[in-house]
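Here's my_file-v4.csv, which has CSV, C-alpha atoms and all ligand atoms:
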chain,number,residue,atom,x,y,z
Z,640,MET,CA,72.1,64.2,109.7
Z,641,ASN,CA,68.7,65.0,108.5
Z,642,SER,CA,67.8,62.4,105.8
Z,643,SER,CA,67.1,65.1,103.1
Z,644,VAL,CA,70.5,66.7,103.7
Z,645,GLU,CA,73.0,65.4,101.1
Z,646,ASN,CA,76.2,67.0,102.4
Z,647,LYS,CA,77.5,68.6,105.6
Z,648,PHE,CA,80.3,71.2,106.0
Z,649,LYS,CA,81.8,73.3,108.7
Z,650,VAL,CA,81.4,76.4,106.4
Z,651,VAL,CA,79.5,76.9,103.1
Z,652,ILE,CA,80.6,80.0,101.1
Z,653,VAL,CA,78.2,81.3,98.5
Z,654,GLY,CA,80.2,82.9,95.7
Z,655,ALA,CA,83.7,82.2,94.5
Z,656,GLY,CA,84.8,85.8,93.7
Z,657,PRO,CA,87.8,87.4,95.4
Z,658,ALA,CA,85.9,87.7,98.7
Z,659,GLY,CA,84.7,84.1,98.7
Z,660,ILE,CA,88.2,82.9,97.8
Z,661,GLY,CA,89.7,85.2,100.5
Z,662,ILE,CA,87.5,83.7,103.1
Z,663,ALA,CA,88.1,80.1,102.0
Z,664,ILE,CA,91.9,80.7,102.3
Z,665,GLY,CA,91.6,82.4,105.6
Z,666,LEU,CA,89.4,79.5,107.0
Z,667,ALA,CA,91.9,76.9,105.8
Z,668,LYS,CA,94.7,78.8,107.5
Z,669,GLY,CA,92.6,78.8,110.6
Z,670,GLY,CA,92.4,75.0,110.4
Z,671,ILE,CA,88.7,74.9,109.6
Z,672,GLN,CA,87.4,72.1,107.3
Z,673,PRO,CA,85.5,70.8,105.4
Z,674,ILE,CA,84.7,74.0,103.5
Z,675,ALA,CA,82.4,74.2,100.4
Z,676,LEU,CA,83.0,77.1,98.0
Z,677,ILE,CA,80.0,77.4,95.6
Z,678,ASP,CA,79.6,79.4,92.4
Z,679,ARG,CA,76.9,79.4,89.7
Z,680,ALA,CA,79.6,80.3,87.1
Z,681,ASP,CA,81.7,77.7,85.4
Z,682,ARG,CA,85.0,79.1,86.8
Z,683,ILE,CA,86.1,80.8,90.0
Z,684,GLY,CA,87.1,84.4,90.2
Z,685,GLY,CA,83.7,86.3,90.1
Z,686,LEU,CA,83.7,89.5,88.2
Z,687,PRO,CA,87.5,89.8,87.6
Z,688,ALA,CA,87.5,86.5,85.7
Z,689,LYS,CA,85.7,88.4,82.9
Z,690,TYR,CA,88.6,90.8,82.3
Z,691,VAL,CA,90.6,88.5,80.1
Z,692,VAL,CA,94.2,89.2,79.1
Z,693,LYS,CA,94.1,91.0,75.8
Z,694,LYS,CA,96.8,92.4,73.5
Z,695,LYS,CA,96.6,96.2,73.6
Z,696,GLY,CA,94.1,95.8,76.5
Z,697,ILE,CA,94.2,97.8,79.7
Z,698,PRO,CA,95.0,96.0,83.0
Z,699,THR,CA,92.8,97.5,85.7
Z,700,PHE,CA,93.1,95.3,88.8
Z,701,MET,CA,95.4,97.0,91.2
Z,702,VAL,CA,97.3,94.6,93.4
Z,703,TRP,CA,98.8,96.9,96.0
Z,704,THR,CA,100.7,94.1,97.8
Z,705,ARG,CA,102.7,93.4,94.6
Z,706,ALA,CA,102.8,97.0,93.4
Z,707,ARG,CA,101.3,95.8,90.1
Z,708,VAL,CA,98.3,96.3,87.9
Z,709,LEU,CA,97.0,93.1,86.4
Z,710,PHE,CA,94.2,91.9,84.0
Z,711,GLY,CA,91.4,90.4,86.1
Z,712,GLN,CA,92.2,87.0,84.6
Z,713,GLN,CA,95.8,87.2,85.9
Z,714,TYR,CA,94.6,88.2,89.3
Z,715,VAL,CA,92.3,85.2,89.4
Z,716,GLU,CA,95.1,82.9,88.4
Z,717,PHE,CA,97.1,84.2,91.3
Z,718,LEU,CA,94.1,83.6,93.7
Z,719,GLN,CA,93.6,80.1,92.2
Z,720,GLN,CA,97.2,79.2,93.1
Z,721,GLU,CA,96.5,80.2,96.7
Z,722,LEU,CA,93.3,78.3,96.8
Z,723,ASP,CA,94.9,75.2,95.4
Z,724,ARG,CA,97.1,75.0,98.5
Z,725,THR,CA,93.9,74.5,100.6
Z,726,ASP,CA,91.5,71.5,100.8
Z,727,THR,CA,88.5,73.7,99.9
Z,728,ARG,CA,85.9,71.8,97.9
Z,729,VAL,CA,85.0,74.0,95.0
Z,730,HIS,CA,81.6,73.4,93.4
Z,731,LEU,CA,81.0,75.3,90.1
Z,732,ASN,CA,77.9,75.5,87.9
Z,733,ALA,CA,75.9,75.3,91.2
Z,734,GLN,CA,73.4,78.0,92.0
Z,735,VAL,CA,72.2,78.5,95.6
Z,736,ILE,CA,68.5,79.1,95.3
Z,737,SER,CA,67.5,79.4,99.0
Z,738,VAL,CA,68.9,79.3,102.5
Z,739,ASN,CA,67.2,78.3,105.8
Z,740,LYS,CA,67.9,80.6,108.7
Z,741,ALA,CA,66.9,78.3,111.4
Z,742,SER,CA,68.5,75.0,110.2
Z,743,LYS,CA,71.5,76.6,108.4
Z,744,GLU,CA,70.8,74.6,105.3
Z,745,ILE,CA,71.2,75.7,101.7
Z,746,THR,CA,69.4,74.4,98.6
Z,747,LEU,CA,71.4,74.4,95.4
Z,748,VAL,CA,70.7,73.3,91.8
Z,749,SER,CA,73.3,72.2,89.4
Z,750,PRO,CA,73.4,70.2,86.2
Z,751,ASP,CA,75.8,67.6,87.8
Z,752,LEU,CA,74.1,67.3,91.2
Z,753,GLY,CA,70.5,68.2,90.5
Z,754,ARG,CA,68.8,69.8,93.5
Z,755,GLN,CA,70.5,69.2,96.8
Z,756,VAL,CA,70.3,70.4,100.4
Z,757,TRP,CA,73.5,71.0,102.2
Z,758,LYS,CA,74.0,71.9,105.9
Z,759,ALA,CA,76.8,73.9,107.6
Z,760,ASP,CA,77.7,75.2,111.0
Z,761,SER,CA,78.3,78.6,109.4
Z,762,ILE,CA,77.2,80.2,106.1
Z,763,VAL,CA,78.9,83.1,104.4
Z,764,PHE,CA,77.4,85.2,101.6
Z,765,ALA,CA,80.1,86.3,99.2
Z,766,CYS,CA,77.6,86.8,96.3
Z,767,GLY,CA,78.9,90.2,95.1
Z,768,ALA,CA,76.8,93.0,93.7
Z,769,ARG,CA,75.3,94.0,90.3
Z,770,GLU,CA,75.0,97.3,88.6
Z,771,ARG,CA,71.8,99.2,89.1
Z,772,THR,CA,69.6,99.3,86.1
Z,773,ILE,CA,68.9,102.7,84.6
Z,774,THR,CA,65.4,102.9,86.1
Z,775,GLU,CA,66.7,101.9,89.6
Z,776,ARG,CA,69.2,104.8,89.5
Z,777,GLY,CA,66.5,107.4,89.6
Z,778,TRP,CA,68.8,110.2,88.5
Z,779,ILE,CA,68.3,109.2,84.8
Z,780,SER,CA,65.1,109.7,83.0
Z,781,GLY,CA,64.0,110.3,79.3
Z,782,LYS,CA,63.6,107.8,76.5
Z,783,ARG,CA,65.2,104.4,76.4
Z,784,PRO,CA,66.8,104.6,72.9
Z,785,ALA,CA,69.3,102.0,71.6
Z,786,ARG,CA,72.9,102.2,72.7
Z,787,VAL,CA,72.5,102.7,76.4
Z,788,TYR,CA,74.7,100.2,78.1
Z,789,HIS,CA,75.9,99.1,81.5
Z,790,THR,CA,79.7,98.7,81.8
Z,791,MET,CA,79.4,94.9,81.9
Z,792,GLN,CA,77.4,94.9,78.6
Z,793,LEU,CA,80.0,97.3,77.1
Z,794,LEU,CA,82.8,95.0,78.2
Z,795,ASP,CA,81.1,92.0,76.5
Z,796,LEU,CA,80.8,94.0,73.3
Z,797,LEU,CA,84.3,95.4,73.3
Z,798,ASP,CA,86.2,92.4,74.7
Z,799,GLY,CA,83.9,89.5,73.8
Z,800,ASN,CA,82.8,90.6,70.3
Z,801,ALA,CA,85.4,93.1,69.3
Z,802,CYS,CA,82.6,95.6,68.5
Z,803,LEU,CA,82.7,99.3,69.1
Z,804,PRO,CA,79.1,100.4,69.9
Z,805,MET,CA,79.7,104.2,70.0
Z,806,LYS,CA,82.2,106.8,68.8
Z,807,HIS,CA,81.1,109.8,70.9
Z,808,PRO,CA,80.3,108.4,74.3
Z,809,VAL,CA,78.7,110.0,77.4
Z,810,ILE,CA,79.5,108.1,80.6
Z,811,LEU,CA,77.1,108.5,83.5
Z,812,GLY,CA,79.2,107.8,86.7
Z,813,SER,CA,82.7,108.7,87.7
Z,814,ASP,CA,84.3,105.9,89.7
Z,815,LEU,CA,87.0,103.4,88.8
Z,816,ILE,CA,84.5,101.4,86.6
Z,817,ALA,CA,83.6,104.6,84.7
Z,818,TYR,CA,87.2,105.5,84.0
Z,819,SER,CA,88.0,102.0,83.0
Z,820,ALA,CA,85.1,102.1,80.5
Z,821,ALA,CA,86.3,105.4,79.2
Z,822,ALA,CA,89.8,104.1,78.6
Z,823,LYS,CA,88.5,100.9,77.0
Z,824,LEU,CA,86.3,102.9,74.6
Z,825,ARG,CA,89.2,105.2,73.7
Z,826,ILE,CA,91.6,102.4,72.8
Z,827,ALA,CA,88.9,100.7,70.8
Z,828,GLY,CA,88.6,103.8,68.6
Z,829,ALA,CA,86.1,106.1,70.3
Z,830,GLU,CA,86.7,109.8,71.2
Z,831,ASP,CA,87.4,110.8,74.7
Z,832,ALA,CA,84.1,110.5,76.6
Z,833,THR,CA,82.1,113.2,78.4
Z,834,MET,CA,81.7,112.1,82.0
Z,835,LEU,CA,78.8,113.2,84.1
Z,836,ASP,CA,78.0,112.5,87.7
Z,837,LYS,CA,75.8,113.9,90.5
Z,838,ALA,CA,78.9,114.1,92.8
Z,839,PRO,CA,80.7,117.5,92.9
Z,840,SER,CA,84.0,115.8,91.8
Z,841,PRO,CA,84.8,112.4,90.3
Z,842,LYS,CA,84.3,109.5,92.7
Z,843,SER,CA,87.5,107.6,91.6
Z,844,ASN,CA,90.5,108.5,93.6
Z,845,PRO,CA,93.3,110.7,92.2
Z,846,ALA,CA,95.7,107.7,91.8
Z,847,GLU,CA,93.2,105.9,89.7
Z,848,ARG,CA,92.6,108.9,87.5
Z,849,LEU,CA,96.3,109.5,87.1
Z,850,TYR,CA,96.6,105.8,86.0
Z,851,PHE,CA,93.9,106.1,83.3
Z,852,ARG,CA,95.2,109.4,82.0
Z,853,TRP,CA,97.7,107.3,80.0
Z,854,TRP,CA,94.7,106.1,77.8
Z,855,CYS,CA,92.0,108.7,78.1
Z,856,GLN,CA,91.2,112.2,79.3
Z,857,PRO,CA,87.4,112.4,79.7
Z,858,THR,CA,85.7,115.8,80.0
Z,859,TRP,CA,84.3,115.9,83.5
Z,860,THR,CA,81.1,117.6,84.4
Z,861,SER,CA,79.2,117.6,87.6
Z,862,ASN,CA,75.4,117.6,87.6
Z,863,LYS,CA,73.4,117.2,90.7
Z,864,GLN,CA,70.1,117.4,89.0
Z,865,PRO,CA,68.6,114.5,87.1
Z,866,VAL,CA,69.6,114.0,83.5
Z,867,SER,CA,67.5,112.6,80.6
Z,868,ILE,CA,68.7,110.5,77.7
Z,869,GLN,CA,67.1,111.6,74.4
Z,870,GLY,CA,66.9,110.0,70.9
Z,871,SER,CA,64.5,107.8,69.0
Z,872,ASP,CA,66.1,104.9,67.2
Z,873,GLY,CA,69.6,105.7,68.6
Z,874,THR,CA,70.9,107.9,71.4
Z,875,LYS,CA,71.3,111.5,70.4
Z,876,THR,CA,71.8,113.6,73.5
Z,877,VAL,CA,72.0,113.6,77.3
Z,878,GLU,CA,70.1,116.6,78.6
Z,879,THR,CA,70.6,118.3,81.9
Z,880,LYS,CA,68.1,120.3,83.9
Z,881,ASP,CA,70.1,123.5,83.4
Z,882,GLY,CA,69.5,123.3,79.6
Z,883,ARG,CA,72.7,121.6,78.4
Z,884,ALA,CA,72.4,119.0,75.7
Z,885,LEU,CA,75.5,116.8,75.4
Z,886,GLU,CA,75.6,115.2,72.0
Z,887,CYS,CA,76.6,111.6,71.8
Z,888,ASP,CA,75.9,108.4,69.9
Z,889,GLY,CA,75.9,106.2,73.0
Z,890,VAL,CA,75.7,106.2,76.8
Z,891,VAL,CA,77.4,104.1,79.3
Z,892,VAL,CA,75.8,103.9,82.7
Z,893,SER,CA,78.4,103.0,85.3
Z,894,GLY,CA,79.2,102.2,88.8
Z,895,GLU,CA,76.3,102.2,91.2
Z,896,LEU,CA,76.2,98.8,92.7
Z,897,LEU,CA,73.3,96.9,94.4
Z,898,PRO,CA,74.3,94.1,96.8
Z,899,ASN,CA,73.2,90.6,95.7
Z,900,SER,CA,71.5,90.1,99.1
Z,901,GLU,CA,68.2,88.5,97.8
Z,902,LEU,CA,69.1,85.1,99.3
Z,903,ALA,CA,69.7,86.6,102.8
Z,904,ALA,CA,66.5,88.7,102.6
Z,905,ALA,CA,64.3,85.9,101.5
Z,906,ALA,CA,65.6,83.8,104.4
Z,907,GLY,CA,64.6,86.5,106.9
Z,908,LEU,CA,68.1,87.7,107.7
Z,909,GLU,CA,68.2,91.5,108.2
Z,910,VAL,CA,68.5,93.4,105.0
Z,911,SER,CA,67.6,97.1,104.6
Z,912,MET,CA,65.4,98.1,101.7
Z,913,PRO,CA,65.4,99.6,99.1
Z,914,ASN,CA,69.2,99.5,99.1
Z,915,ARG,CA,69.4,95.8,99.9
Z,916,LEU,CA,72.3,96.4,102.3
Z,917,PRO,CA,72.7,93.6,104.8
Z,918,ILE,CA,72.4,94.9,108.4
Z,919,LEU,CA,75.5,93.7,110.0
Z,920,LYS,CA,77.0,94.0,113.5
Z,921,GLY,CA,80.8,94.3,113.6
Z,922,LYS,CA,80.9,94.8,109.8
Z,923,SER,CA,80.6,91.2,108.8
Z,924,SER,CA,78.1,89.1,110.8
Z,925,PHE,CA,74.3,89.2,110.8
Z,926,SER,CA,72.6,89.3,114.2
Z,927,GLU,CA,71.7,85.7,113.7
Z,928,PRO,CA,74.7,83.7,114.9
Z,929,GLY,CA,76.8,81.9,112.3
Z,930,TRP,CA,75.7,84.0,109.3
Z,931,PHE,CA,78.4,86.2,107.7
Z,932,ALA,CA,78.8,88.4,104.6
Z,933,THR,CA,81.9,89.6,102.8
Z,934,GLY,CA,83.0,91.6,99.7
Z,935,ASN,CA,80.8,93.7,97.6
Z,936,VAL,CA,77.6,92.1,99.0
Z,937,ILE,CA,78.1,94.3,102.1
Z,938,GLY,CA,77.6,97.4,100.0
Z,939,GLY,CA,79.7,100.3,98.6
Z,940,PHE,CA,82.2,100.0,95.8
Z,941,HIS,CA,85.4,98.1,96.5
Z,942,GLY,CA,88.2,97.0,94.3
Z,943,ALA,CA,88.9,93.3,93.9
Z,944,GLN,CA,91.9,93.1,96.2
Z,945,TRP,CA,90.0,95.0,99.0
Z,946,CYS,CA,87.3,92.3,98.7
Z,947,TYR,CA,89.9,89.5,98.9
Z,948,PHE,CA,91.4,91.0,102.1
Z,949,HIS,CA,88.0,91.6,103.5
Z,950,GLY,CA,87.3,87.9,103.1
Z,951,ARG,CA,90.5,87.0,104.9
Z,952,LYS,CA,89.5,89.3,107.8
Z,953,VAL,CA,86.0,87.9,108.0
Z,954,ALA,CA,87.5,84.4,108.1
Z,955,LYS,CA,89.0,85.3,111.5
Z,956,SER,CA,85.5,86.1,112.8
Z,957,VAL,CA,84.1,82.8,111.4
Z,958,VAL,CA,87.0,80.9,113.1
Z,959,ASP,CA,86.2,82.7,116.4
Z,960,TYR,CA,82.6,81.7,116.1
Z,961,LEU,CA,83.3,78.1,115.3
Z,962,THR,CA,86.0,77.5,117.9
Z,963,ARG,CA,84.4,79.6,120.7
V,1001,LIG,C1,81.5,96.5,86.1
V,1001,LIG,C2,82.5,96.4,87.1
V,1001,LIG,C3,83.9,96.6,86.8
V,1001,LIG,C4,84.9,96.5,87.8
V,1001,LIG,N1,86.2,96.8,87.5
V,1001,LIG,C5,87.1,96.6,88.4
V,1001,LIG,C6,88.5,96.9,88.1
V,1001,LIG,O1,88.8,97.2,87.0
V,1001,LIG,N2,89.4,96.7,89.1
V,1001,LIG,C7,89.1,96.3,90.4
V,1001,LIG,O2,90.0,96.1,91.2
V,1001,LIG,N3,87.8,96.1,90.7
V,1001,LIG,C8,86.8,96.2,89.7
V,1001,LIG,N4,85.5,96.0,90.1
V,1001,LIG,C9,85.2,95.6,91.4
V,1001,LIG,C10,85.6,94.2,91.6
V,1001,LIG,O3,85.3,93.4,90.5
V,1001,LIG,C11,84.8,93.7,92.8
V,1001,LIG,O4,85.1,94.5,93.9
V,1001,LIG,C12,85.0,92.3,93.2
V,1001,LIG,O5,84.9,91.4,92.1
V,1001,LIG,C13,84.0,91.9,94.3
V,1001,LIG,O6,84.3,90.6,94.7
V,1001,LIG,P1,83.2,89.7,95.4
V,1001,LIG,O7,83.9,88.4,95.6
V,1001,LIG,O8,82.6,90.5,96.5
V,1001,LIG,O9,82.1,89.6,94.2
V,1001,LIG,P2,82.1,89.0,92.7
V,1001,LIG,O10,83.4,89.1,92.1
V,1001,LIG,O11,81.0,89.7,92.1
V,1001,LIG,O12,81.8,87.5,92.9
V,1001,LIG,C14,80.5,87.0,93.4
V,1001,LIG,C15,80.3,85.6,92.9
V,1001,LIG,O13,79.2,85.1,93.6
V,1001,LIG,C16,78.5,84.2,92.6
V,1001,LIG,N5,77.1,84.1,93.1
V,1001,LIG,C17,76.2,85.1,93.3
V,1001,LIG,N6,75.1,84.6,93.7
V,1001,LIG,C18,75.2,83.3,93.7
V,1001,LIG,C19,74.3,82.2,94.0
V,1001,LIG,N7,73.0,82.4,94.4
V,1001,LIG,N8,74.7,80.9,93.9
V,1001,LIG,C20,76.0,80.7,93.5
V,1001,LIG,N9,76.9,81.7,93.2
V,1001,LIG,C21,76.5,82.9,93.3
V,1001,LIG,C22,78.7,85.0,91.3
V,1001,LIG,O14,78.6,84.0,90.2
V,1001,LIG,C23,80.1,85.5,91.4
V,1001,LIG,O15,81.1,84.6,90.9
V,1001,LIG,C24,84.5,96.2,89.1
V,1001,LIG,C25,83.2,95.9,89.4
V,1001,LIG,C26,82.2,96.0,88.5
V,1001,LIG,C27,80.8,95.8,88.8
Can the structure from this file be put into C-alpha cells for me?
Amino acid sequence: MNSSVENKFKVVIVGAGPAGIGIAIGLAKGGIQPIALIDRADRIGGLPAKYVVKKKGIPTFMVWTRARVLFGQQYVEFLQQELDRTDTRVHLNAQVISVNKASKEITLVSPDLGRQVWKADSIVFACGARERTITERGWISGKRPARVYHTMQLLDLLDGNACLPMKHPVILGSDLIAYSAAAKLRIAGAEDATMLDKAPSPKSNPAERLYFRWWCQPTWTSNKQPVSIQGSDGTKTVETKDGRALECDGVVVSGELLPNSELAAAAGLEVSMPNRLPILKGKSSFSEPGWFATGNVIGGFHGAQWCYFHGRKVAKSVVDYLTR
C-alpha cells in the first residue's frame, strides 16, 4: 500500500442514497468485501431521508414491490434494515473531494478523520443529482423577486419550519416532484396551483397524477416558449410569450435535475457538457475500467426505488469486473 493511503477497500461507493445502498447490498450478496459506503450527510438515505413522517403529511415514495406508498424516512428505514445485514462500512459526515483516475484513490475530508486518501479496486459514483437553478433552466427569464423557490427549499419551509410561503402558487415543471409540491402546498393551506411546463402534456405518469388528485388538482397549461417571472419586492405574475399573465404570490421551480458528476469530470472521466451526463458504456460503467455510476447521477429523473434497483443491477457488473 502506498504510504499516504490510509485505507484500502475492494469497492468505494460515493453517496449513500437509495442507489448507493442498493449497490452496497448487491455487492455484499455477491460476496465482495470490504466495501466502504461514504456520505457527506450525517445519515444514510440521500434525498428520501428528508421526507420525514408527518401527521397529515403526504407519503410520496412508491414502493412497487410492496404495493405501498411510504414517507421517504420510512423507505430509508427499510433500506437501513437491509444494509444492516451486510458488512458494509458506512462512513457519514465524510465528503469526497477528489478522485484519481489512474490510481483509483479518493480523497475525503471529515471532522472525525480529517483529510484521508483511500484506495479501491473499483469506485462507484452514486452521488445523485441536484435541481437546476433558475438561470440554468434557460426557459425562465424576468426578474428575480422574492418567493421563487426550488422544491427542496419549499420542502424545508413547509416541513422544516411549518411556514407557508405562498397562497396562490405557480409551479414551473410537471413531473412527480411538481405534483408532490402542489399537493404539499394545498394541504398546508394554499390554493390549487397553476402548473406550467414546456412539455405538451404533464411529465408525470397518469398513475402518479391519479394518486395526487386526492390532495390537489392543479390547473395544467403547456407553454413551449420561455416564461418570465415578474414582480418587484414579491412575485406578482408569470408571463408567457403569448401574452398571458398568470397571477401568483410565489413560484416553485421544479424537477429538472443536473447530475452531480463534478468529481468524475474533474478526474478526467468522460462527462458530456453542459448537461454533465456521465458518458457510460453498457449504461453503468465508464470506459475507464473499474469506474461505475448508478442512480440519479446517470441523468434523467428516476424515483427512489428505481435508483435502489439500478444500484442492485450495477452491483452485478461490478462483481463481474472484480471476479473476472
Ligand atoms: C426535489 C426532489 C423530490 C423528489 N421526490 C420524490 C418522491 O416523492 N418520490 C420518489 O420516489 N422519488 C422522489 N425523488 C427522486 C428520488 O429522491 C431520487 O430518485 C433518489 O433519491 C435518487 O437516489 P440516488 O441514490 O441516486 O441519489 P440521492 O438520494 O440524491 O443520494 C446521493 C447521496 O450522495 C451524497 N453525495 C453526493 N456527493 C457526495 C460527495 N462528494 N461526497 C460524499 N457524499 C456525496 C449525498 O449527500 C446524497 O446523500 C425526488 C427528487 C428530488 C430532487
Selection within 7 Å of ligand LIG 1001 (chain V) by only C-alpha atoms and all ligand atoms, output as an MDAnalysis selection string: chainID Z and resid 653:659 677:680 683:687 699:701 733:736 765:770 790:791 815:816 819 894 896 899 902 933:936 940:944 946:947
Just the residues within 12 Å of Lys693 of chain Z, please, counting all atoms listed in the file, with nothing from its chain fewer than 4 positions along; format it as JSON, numbers by chain. {"Z": [689, 697, 698, 699, 709, 710, 711, 712, 713, 797, 798, 799, 801, 823]}
Next, dump the selected residues to file, keeping only C-alpha atoms, as a PDB file, in the frame of the given file.
ATOM      1  CA  LYS Z 689      85.700  88.400  82.900  1.00  0.00           C
ATOM      2  CA  ILE Z 697      94.200  97.800  79.700  1.00  0.00           C
ATOM      3  CA  PRO Z 698      95.000  96.000  83.000  1.00  0.00           C
ATOM      4  CA  THR Z 699      92.800  97.500  85.700  1.00  0.00           C
ATOM      5  CA  LEU Z 709      97.000  93.100  86.400  1.00  0.00           C
ATOM      6  CA  PHE Z 710      94.200  91.900  84.000  1.00  0.00           C
ATOM      7  CA  GLY Z 711      91.400  90.400  86.100  1.00  0.00           C
ATOM      8  CA  GLN Z 712      92.200  87.000  84.600  1.00  0.00           C
ATOM      9  CA  GLN Z 713      95.800  87.200  85.900  1.00  0.00           C
ATOM     10  CA  LEU Z 797      84.300  95.400  73.300  1.00  0.00           C
ATOM     11  CA  ASP Z 798      86.200  92.400  74.700  1.00  0.00           C
ATOM     12  CA  GLY Z 799      83.900  89.500  73.800  1.00  0.00           C
ATOM     13  CA  ALA Z 801      85.400  93.100  69.300  1.00  0.00           C
ATOM     14  CA  LYS Z 823      88.500 100.900  77.000  1.00  0.00           C
TER      15      LYS Z 823
END
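Closest to Thr879 of chain Z among Z:Arg754, Z:Arg786, Z:Lys837, Z:Arg825 is Z:Lys837, based on only C-alpha atoms.
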For Tyr788 of chain Z, which residue among Z:Ala675, Z:Ala822, Z:Val890, Z:Leu747 is the nearest when counting all atoms listed in the file?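 Of all the options, Z:Val890 lies closest to Tyr788 of chain Z.
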Looking at only C-alpha atoms, which of Z:Ala827, Z:Cys855, Z:Ala832, Z:Gly882 is the one that sits closest to Lys695 of chain Z?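 For Lys695 of chain Z, the nearest of the given residues is Z:Ala827.
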Interatomic distance between atom CA of Phe948 of chain Z and atom CA of Gly929 of chain Z?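 Here the two named atoms are 20.0 Å from each other.
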Calculate how many Å separate atom CA of Asp959 of chain Z from atom CA of Asn739 of chain Z, rounding to one decimal. 22.2 Å
Out of Z:Gly828, Z:Pro804, Z:Gly812, Z:Gly870, which residue has the shortest atom-to-atom distance to Pro841 of chain Z when counting all atoms listed in the file? Z:Gly812
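Residues within 10 Å of Glu830 of chain Z, counting all atoms listed in the file and excluding same-chain residues fewer than 5 positions away, are Met805, Lys806, His807, Pro808, Ala821, Ala822, Leu824, Arg825, Cys855, Gln856 and Pro857 of chain Z.
For Arg728 of chain Z, the non-local neighbours within 10 Å, defined as residues at least 4 positions apart in the same chain or in other chains and counting only C-alpha atoms, are Phe648, Val651, Ala663, Gln672, Pro673, Ile674, Ala675, Leu676, Ile677, Leu722 and Asp723 of chain Z.
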Could you save the residues just selected, with C-alpha atoms, as an mmCIF file, in the coordinates of the input?
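Dumped everything to selection.cif:
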data_model
loop_
_atom_site.group_PDB
_atom_site.id
_atom_site.type_symbol
_atom_site.label_atom_id
_atom_site.label_comp_id
_atom_site.auth_asym_id
_atom_site.auth_seq_id
_atom_site.Cartn_x
_atom_site.Cartn_y
_atom_site.Cartn_z
ATOM 1 C CA PHE Z 648 80.300 71.200 106.000
ATOM 2 C CA VAL Z 651 79.500 76.900 103.100
ATOM 3 C CA ALA Z 663 88.100 80.100 102.000
ATOM 4 C CA GLN Z 672 87.400 72.100 107.300
ATOM 5 C CA PRO Z 673 85.500 70.800 105.400
ATOM 6 C CA ILE Z 674 84.700 74.000 103.500
ATOM 7 C CA ALA Z 675 82.400 74.200 100.400
ATOM 8 C CA LEU Z 676 83.000 77.100 98.000
ATOM 9 C CA ILE Z 677 80.000 77.400 95.600
ATOM 10 C CA LEU Z 722 93.300 78.300 96.800
ATOM 11 C CA ASP Z 723 94.900 75.200 95.400
#
